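Peer 1: Quick one: this structure, given as structure tokens, is what I'll be asking you about.
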Amino acid sequence: MAEQWLLPEIDLAACTRCGQCVAQCPTQAVEMQAVGPVIVRPAECTYCTVCEGICPVGAIACAFEIAWDEGGV
Ligand code: SF4
Ligand code: SF4
């Protein structure tokens, strides 16, 4: 079975190449390349949503978040 990761989506059309997401990613999962920021190490991405929060133009979307309900079902 192929490994799968939940990854942030980066809208390269909206991205201004400011580099904030690359600078702030705690695991260096995202790297600036010629096309723009690319998640080059998907296994390192913890889906922390830091990049989504830091992007000044809203070009990064972490579409799903896991909510833990302490109360149980
Ligand atoms: S969600 Fe977190 S770990 Fe993943 S690329 Fe963004 S800042 Fe890095
Ligand atoms: S923070 Fe946003 S605008 Fe800046 S490089 Fe990353 S995706 Fe592009």
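In the structure tokens, each chain is lettered A, B, ... as it comes, each chain's residues begin at 1, and ligands are numbered from 1 in order of appearance.
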Residues within 9 Å of segment 11-26 of chain A, please, as a ChimeraX atom specification. Count only C-alpha atoms; anything in the same chain fewer than 6 positions from it doesn't count.

Peer 2: /A:32,35-38,45-46,48-61

Peer 1: Pick out each residue of chain A that DSSP on the backbone tags as strand (DSSP E); I need them as a compact mmCIF listing (two decimals) with C-alpha atoms, in the first residue's frame.

Peer 2:
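Generated output (result-v6.txt):
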# COMPACT_ATOMS: atom_id res chain seq x y z
CA GLU A 9 -2.24 22.88 -0.63
CA ILE A 10 -0.14 25.71 -1.99
CA VAL A 30 8.67 22.96 2.39
CA GLU A 31 11.44 24.33 0.21
CA MET A 32 11.61 27.23 -2.24
CA GLN A 33 12.11 26.00 -5.77
CA GLY A 36 7.64 28.46 -5.83
CA PRO A 37 7.33 26.75 -2.45
CA VAL A 38 7.07 22.98 -2.75
CA ILE A 39 6.56 20.40 -0.03
CA ILE A 60 -1.79 27.94 1.65
CA ALA A 61 -4.78 25.90 2.68

Peer 1: Would you list the contacts of Pro42 of chain A as a PyMOL selection string, taking every protein, DNA or RNA residue within 8 Å and counting only C-alpha atoms, but skipping same-chain residues closer than 2 positions in sequence?

Peer 2: chain A and resi 5+7+29+39-40+44-45

Peer 1: Which value, in Å to one decimal, gives the distance between atom 3 (S, counted along the ligand's line) of ligand 1 and atom CA of Gln28 of chain A?

Peer 2: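 Between atom 3 (S, counted along the ligand's line) of ligand 1 and atom CA of Gln28 of chain A the gap is 7.0 Å.
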
Peer 1: Residues of chain A in alpha helix (DSSP H) according to DSSP, as a PyMOL selection string?

Peer 2: chain A and resi 20-24+50-54

Peer 1: Take the residues from that selection and write them out as a PDB file, in the first residue's frame, keeping N, CA and C atoms.

Peer 2:
ATOM      1  N   GLN A  20       8.029  33.143   3.491  1.00  0.00           N
ATOM      2  CA  GLN A  20       7.659  33.007   4.911  1.00  0.00           C
ATOM      3  C   GLN A  20       7.372  31.561   5.292  1.00  0.00           C
ATOM      4  N   CYS A  21       6.667  30.859   4.416  1.00  0.00           N
ATOM      5  CA  CYS A  21       6.305  29.471   4.751  1.00  0.00           C
ATOM      6  C   CYS A  21       7.556  28.609   4.862  1.00  0.00           C
ATOM      7  N   VAL A  22       8.510  28.847   3.978  1.00  0.00           N
ATOM      8  CA  VAL A  22       9.764  28.092   3.993  1.00  0.00           C
ATOM      9  C   VAL A  22      10.537  28.410   5.272  1.00  0.00           C
ATOM     10  N   ALA A  23      10.566  29.686   5.642  1.00  0.00           N
ATOM     11  CA  ALA A  23      11.325  30.115   6.813  1.00  0.00           C
ATOM     12  C   ALA A  23      10.698  29.625   8.113  1.00  0.00           C
ATOM     13  N   GLN A  24       9.381  29.525   8.149  1.00  0.00           N
ATOM     14  CA  GLN A  24       8.696  29.227   9.412  1.00  0.00           C
ATOM     15  C   GLN A  24       8.329  27.764   9.604  1.00  0.00           C
ATOM     16  N   VAL A  50       1.182  25.937  10.499  1.00  0.00           N
ATOM     17  CA  VAL A  50       1.970  27.166  10.655  1.00  0.00           C
ATOM     18  C   VAL A  50       2.055  27.905   9.320  1.00  0.00           C
ATOM     19  N   CYS A  51       2.309  27.162   8.255  1.00  0.00           N
ATOM     20  CA  CYS A  51       2.466  27.805   6.942  1.00  0.00           C
ATOM     21  C   CYS A  51       1.162  28.451   6.500  1.00  0.00           C
ATOM     22  N   GLU A  52       0.064  27.809   6.783  1.00  0.00           N
ATOM     23  CA  GLU A  52      -1.239  28.376   6.429  1.00  0.00           C
ATOM     24  C   GLU A  52      -1.455  29.694   7.171  1.00  0.00           C
ATOM     25  N   GLY A  53      -1.089  29.699   8.447  1.00  0.00           N
ATOM     26  CA  GLY A  53      -1.296  30.898   9.258  1.00  0.00           C
ATOM     27  C   GLY A  53      -0.355  32.031   8.899  1.00  0.00           C
ATOM     28  N   ILE A  54       0.855  31.699   8.442  1.00  0.00           N
ATOM     29  CA  ILE A  54       1.870  32.722   8.209  1.00  0.00           C
ATOM     30  C   ILE A  54       1.747  33.359   6.829  1.00  0.00           C
TER      31      ILE A  54
END

Peer 1: A:Ala34, A:Tyr47, A:Arg41, A:Cys62: which is nearest ligand 1, counting only C-alpha atoms and all ligand atoms?

Peer 2: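 Using only C-alpha atoms and all ligand atoms, ligand 1 sits closest to A:Tyr47.
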